[in-house]
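> So that we are looking at the same thing, I have put the structure below in structure tokens.
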Number of protein chains: 2
Amino acid sequence: MLAQSNPHIMLPILPGMTQFPARGAATPPMDQVCFFPAGSEIYAQGEKAVGLYQIEFGAVRVYRLLADGRRQISAFHLAGETFGFDASARHHFFAEAITGASIRIFATTGRIDMSRELLPLALRSLTRAQEHLLVLGRQNAIERVAAFLLDIADRQGGAERIDLPMSRTDIGDYLGLTIETVSRAFSKLREKGIIRLCGVRCVEIVKLGALRKMNE
Amino acid sequence: MLAQSNPHIMLPILPGMTQFPARGAATPPMDQVCFFPAGSEIYAQGEKAVGLYQIEFGAVRVYRLLADGRRQISAFHLAGETFGFDASARHHFFAEAITGASIRIFATTGRIDMSRELLPLALRSLTRAQEHLLVLGRQNAIERVAAFLLDIADRQGGAERIDLPMSRTDIGDYLGLTIETVSRAFSKLREKGIIRLCGVRCVEIVKLGALRKMNE
DNA sequence: CGTGGTGTTGATTACTTTCAAGATGTGTGG
DNA sequence: CCACACATCTTGAAAGTAATCAACACCACG
């Protein structure tokens, strides 16, 4: 696999890019591009919200925890997408970089009113969340994985080859399944000839129609 | 039970209130209060969105269907709440009155920009949806019912006596469970002394702490 | 060439669904 | 006001799906 677009490779900090978390800084600097290493926290539940986050490259998970450690990832965000709407004054969720991610942070507080631009983005997040409710509430394991693959494929430009930045654990926590069940669903889709697994985090969609038919 | 606040009782159409669906009208009239009988459609998936909906009294379900009839209710809305954000140009979901409901419809198209007022409402819907994802993805049947009761109790003003406007089928379709499982969860909570059932659609929360502890 | 993290597969257990029957409650008509 | 009918809800038993527990495979890294 070439390095061309492999998000697992740590890129050097480029000029004009700040690495975060940085020594001594309590919050990331505003209105510039920050680099978050794989696994690093972008914001935490209960933390004061300062703005919105636009991903230049990399991937992000937004999640919530139960007291016993059960985790629900409410959304993945990929390059080009904007997140951080889980807040009125404070964040209700955690956000972490999955792979190393370069993120532009926009201040929205104490600024000119940005509602007009923000509302459509917020509504897109809302629609996504509501559609995910249908998946979690009414679809079985294999249908959930199918929905996940279709969603990611679509957001990666619709090519049949998908690059998964996240682990099976992340996928499980997004789909409300265990990693074993996710793995079995992948295997079953492979056995049926619907997908091809070219490496653990690379999937090729062979029968797009069959995948779509599982989600109607 | 007194008629005082029983939403199951059909109220007469009051002066200044239009009943809908009405003969000959393709869409409900704008910027006024409409009465929707129990079970009637407020908007449908794919329908052009015309505005937002504020509930004067009654209750509403917003849902989506799979091809085979499986239904996921993404949200219930009670008196005082605003809904209808499941749309960019067209609605992505269905909305129906559960009980007879009186609803004020606000036009948002071709009007002065209302983003500033709308954004906080949309964000509240988003947070609700994302929190519901945790329930559907990571909680078991009894925890889901507990979460549901806490949510409704909170939205009805926090009194220990809850009036449920919706059927067990609706609750099941909201929580991603069958009606039988919902019923069994209610029974188990009753057996544990956490709730009391004063009629099928009336619940009294006896041990609020125990209920809360199931949702941490 | 080990080592640790991640992913896969198998066997068993637990929980929810499905199927079925009975109970409760509401509305209607006598 | 009571009796019946229909819809809704509850409970039980059997079946099915996903979780858990366990072992092994794979891969990147030192």
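Chain lettering (A, B, ...) mirrors the order of the structure tokens, residue numbering begins at 1 for each chain separately, and ligand numbering begins at 1 in order of display.
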Got a sec to pull out which chain D residues are within 9 Å of chain A, counting only C-alpha atoms (C1' of nucleotides), and send them as a PyMOL selection string?

chain D and resi 17-19

> Identify all chain C residues at most 9 Å from chain A by counting only C-alpha atoms (C1' of nucleotides); ligands do not count. Present them as a list in words.

DT6, DG7, DT8 and DT9 of chain C

> Take the residues from that selection and write them out as a JSON list (two decimals), in the first residue's frame, keeping all heavy atoms.


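Writing the result to result-v2.json gives the following:
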```
[["chain", "number", "residue", "atom", "x", "y", "z"],
["C", 6, "DT", "P", -4.81, -1.49, 19.39],
["C", 6, "DT", "OP1", -4.84, -0.12, 18.86],
["C", 6, "DT", "OP2", -5.47, -1.85, 20.66],
["C", 6, "DT", "O5'", -5.37, -2.46, 18.25],
["C", 6, "DT", "C5'", -4.71, -2.49, 16.99],
["C", 6, "DT", "C4'", -5.31, -3.60, 16.15],
["C", 6, "DT", "O4'", -4.80, -4.87, 16.59],
["C", 6, "DT", "C3'", -6.83, -3.70, 16.19],
["C", 6, "DT", "O3'", -7.29, -3.54, 14.85],
["C", 6, "DT", "C2'", -7.10, -5.10, 16.74],
["C", 6, "DT", "C1'", -5.81, -5.82, 16.43],
["C", 6, "DT", "N1", -5.46, -6.96, 17.32],
["C", 6, "DT", "C2", -5.16, -8.17, 16.74],
["C", 6, "DT", "O2", -5.16, -8.37, 15.54],
["C", 6, "DT", "N3", -4.85, -9.17, 17.63],
["C", 6, "DT", "C4", -4.80, -9.08, 19.01],
["C", 6, "DT", "O4", -4.51, -10.05, 19.70],
["C", 6, "DT", "C5", -5.13, -7.78, 19.55],
["C", 6, "DT", "C7", -5.13, -7.57, 21.03],
["C", 6, "DT", "C6", -5.44, -6.79, 18.69],
["C", 7, "DG", "P", -8.81, -3.65, 14.46],
["C", 7, "DG", "OP1", -9.00, -2.77, 13.30],
["C", 7, "DG", "OP2", -9.62, -3.50, 15.69],
["C", 7, "DG", "O5'", -8.94, -5.15, 13.97],
["C", 7, "DG", "C5'", -8.13, -5.60, 12.88],
["C", 7, "DG", "C4'", -8.40, -7.06, 12.63],
["C", 7, "DG", "O4'", -7.88, -7.83, 13.74],
["C", 7, "DG", "C3'", -9.87, -7.44, 12.51],
["C", 7, "DG", "O3'", -10.03, -8.18, 11.30],
["C", 7, "DG", "C2'", -10.15, -8.29, 13.74],
["C", 7, "DG", "C1'", -8.78, -8.86, 14.06],
["C", 7, "DG", "N9", -8.56, -9.22, 15.45],
["C", 7, "DG", "C8", -8.66, -8.40, 16.55],
["C", 7, "DG", "N7", -8.38, -9.02, 17.67],
["C", 7, "DG", "C5", -8.10, -10.32, 17.29],
["C", 7, "DG", "C6", -7.74, -11.46, 18.06],
["C", 7, "DG", "O6", -7.59, -11.53, 19.28],
["C", 7, "DG", "N1", -7.54, -12.59, 17.25],
["C", 7, "DG", "C2", -7.67, -12.61, 15.88],
["C", 7, "DG", "N2", -7.45, -13.78, 15.28],
["C", 7, "DG", "N3", -8.01, -11.56, 15.15],
["C", 7, "DG", "C4", -8.21, -10.46, 15.91],
["C", 8, "DT", "P", -11.43, -8.79, 10.86],
["C", 8, "DT", "OP1", -11.46, -8.74, 9.38],
["C", 8, "DT", "OP2", -12.50, -8.14, 11.66],
["C", 8, "DT", "O5'", -11.32, -10.31, 11.28],
["C", 8, "DT", "C5'", -10.36, -11.14, 10.64],
["C", 8, "DT", "C4'", -10.49, -12.55, 11.15],
["C", 8, "DT", "O4'", -10.21, -12.57, 12.58],
["C", 8, "DT", "C3'", -11.87, -13.20, 10.99],
["C", 8, "DT", "O3'", -11.68, -14.38, 10.22],
["C", 8, "DT", "C2'", -12.35, -13.49, 12.42],
["C", 8, "DT", "C1'", -11.05, -13.52, 13.20],
["C", 8, "DT", "N1", -11.10, -13.12, 14.63],
["C", 8, "DT", "C2", -10.75, -14.03, 15.59],
["C", 8, "DT", "O2", -10.40, -15.17, 15.33],
["C", 8, "DT", "N3", -10.80, -13.56, 16.87],
["C", 8, "DT", "C4", -11.17, -12.29, 17.30],
["C", 8, "DT", "O4", -11.17, -11.99, 18.48],
["C", 8, "DT", "C5", -11.55, -11.38, 16.23],
["C", 8, "DT", "C7", -11.97, -10.00, 16.57],
["C", 8, "DT", "C6", -11.50, -11.83, 14.97],
["C", 9, "DT", "P", -12.89, -15.16, 9.60],
["C", 9, "DT", "OP1", -12.38, -15.81, 8.38],
["C", 9, "DT", "OP2", -14.06, -14.27, 9.54],
["C", 9, "DT", "O5'", -13.18, -16.30, 10.67],
["C", 9, "DT", "C5'", -12.14, -17.23, 11.01],
["C", 9, "DT", "C4'", -12.54, -18.01, 12.25],
["C", 9, "DT", "O4'", -12.46, -17.17, 13.41],
["C", 9, "DT", "C3'", -13.96, -18.59, 12.24],
["C", 9, "DT", "O3'", -13.85, -20.01, 12.25],
["C", 9, "DT", "C2'", -14.61, -18.04, 13.53],
["C", 9, "DT", "C1'", -13.39, -17.65, 14.35],
["C", 9, "DT", "N1", -13.59, -16.57, 15.34],
["C", 9, "DT", "C2", -13.20, -16.78, 16.64],
["C", 9, "DT", "O2", -12.70, -17.82, 17.03],
["C", 9, "DT", "N3", -13.41, -15.71, 17.47],
["C", 9, "DT", "C4", -13.97, -14.49, 17.15],
["C", 9, "DT", "O4", -14.10, -13.61, 17.98],
["C", 9, "DT", "C5", -14.36, -14.34, 15.77],
["C", 9, "DT", "C7", -14.99, -13.06, 15.29],
["C", 9, "DT", "C6", -14.16, -15.38, 14.93]]
```

> Restrict the calculation to only C-alpha atoms, then for each residue of range 135-200 of chain A with any atom at most 12 Å from an atom of range 80-84 of chain A give the closest atom pair and their distance in Å to one decimal, rows by chain and rising residue number, as CSV.


```
residue,atom,partner,partner_atom,distance
A:Arg155,CA,A:Glu81,CA,9.5
A:Gln156,CA,A:Gly80,CA,10.1
A:Gly157,CA,A:Gly80,CA,11.4
```

> Here is a test: counting only C-alpha atoms (C1' of nucleotides), which residue of C:DG5, C:DG27, C:DG10, C:DG22 is nearest to DA7 in chain D?

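Checking each candidate against DA7 in chain D, we get C:DG27 as the closest.
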
> Write out as an NGL selection string every residue belonging to chain A that has an atom at most 7 Å from any atom of chain B, counting only C-alpha atoms.

:A and (66-67 or 70 or 72 or 74 or 85-86 or 115-116 or 119 or 122-123 or 126-127 or 129-130 or 133-134 or 136-138 or 175-176 or 216)

> Near DC4 in chain D, within 12 Å and counting only C-alpha atoms (C1' of nucleotides), which residues show up once chain neighbours fewer than 6 positions away are dropped, as an mmCIF file with N, CA, C and O atoms (P, O5', C5', C4', C3', O3' and C1' of nucleotides), in the first residue's frame?


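The new file selection-v2.cif reads:
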```cif
data_model
loop_
_atom_site.group_PDB
_atom_site.id
_atom_site.type_symbol
_atom_site.label_atom_id
_atom_site.label_comp_id
_atom_site.auth_asym_id
_atom_site.auth_seq_id
_atom_site.Cartn_x
_atom_site.Cartn_y
_atom_site.Cartn_z
ATOM 1 P P DT C 26 -59.981 2.447 30.484
ATOM 2 O "O5'" DT C 26 -60.544 2.766 29.030
ATOM 3 C "C5'" DT C 26 -59.772 2.411 27.876
ATOM 4 C "C4'" DT C 26 -60.674 2.496 26.650
ATOM 5 C "C3'" DT C 26 -61.809 3.511 26.782
ATOM 6 O "O3'" DT C 26 -61.973 4.192 25.557
ATOM 7 C "C1'" DT C 26 -62.697 1.381 26.325
ATOM 8 P P DG C 27 -62.981 5.406 25.414
ATOM 9 O "O5'" DG C 27 -63.999 4.907 24.290
ATOM 10 C "C5'" DG C 27 -63.503 4.197 23.156
ATOM 11 C "C4'" DG C 27 -64.680 3.568 22.439
ATOM 12 C "C3'" DG C 27 -65.926 4.461 22.394
ATOM 13 O "O3'" DG C 27 -66.514 4.359 21.093
ATOM 14 C "C1'" DG C 27 -66.451 2.400 23.435
ATOM 15 P P DT C 28 -67.848 5.084 20.723
ATOM 16 O "O5'" DT C 28 -68.840 3.866 20.548
ATOM 17 C "C5'" DT C 28 -68.390 2.650 19.948
ATOM 18 C "C4'" DT C 28 -69.563 1.678 19.850
ATOM 19 C "C3'" DT C 28 -70.922 2.352 19.666
ATOM 20 O "O3'" DT C 28 -71.681 1.648 18.687
ATOM 21 C "C1'" DT C 28 -70.946 1.028 21.639
ATOM 22 P P DG C 29 -73.026 2.235 18.201
ATOM 23 O "O5'" DG C 29 -74.034 1.137 18.758
ATOM 24 C "C5'" DG C 29 -73.727 -0.258 18.615
ATOM 25 C "C4'" DG C 29 -74.710 -1.050 19.445
ATOM 26 C "C3'" DG C 29 -76.163 -0.574 19.332
ATOM 27 O "O3'" DG C 29 -77.023 -1.698 19.331
ATOM 28 C "C1'" DG C 29 -75.473 -0.457 21.572
ATOM 29 P P DG C 30 -78.499 -1.568 19.088
ATOM 30 O "O5'" DG C 30 -79.122 -2.374 20.307
ATOM 31 C "C5'" DG C 30 -78.707 -3.712 20.561
ATOM 32 C "C4'" DG C 30 -78.976 -4.046 22.013
ATOM 33 C "C3'" DG C 30 -80.464 -3.953 22.415
ATOM 34 O "O3'" DG C 30 -80.813 -5.105 23.168
ATOM 35 C "C1'" DG C 30 -79.134 -2.641 23.870
#
```

> Mind checking DSSP for range 25-207 of chain A and telling me the alpha helix (DSSP H) residues as number ranges by chain?

A: 115-138, 141-155, 168-175, 179-191

> Just list as a list in words whatever in range 95-144 of chain A DSSP marks as strand (DSSP E or B).

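The strand (DSSP E or B) subset of range 95-144 of chain A is Ala95, Glu96, Ala97, Ala101, Ser102, Ile103, Arg104, Ile105, Phe106 and Ala107 of chain A.
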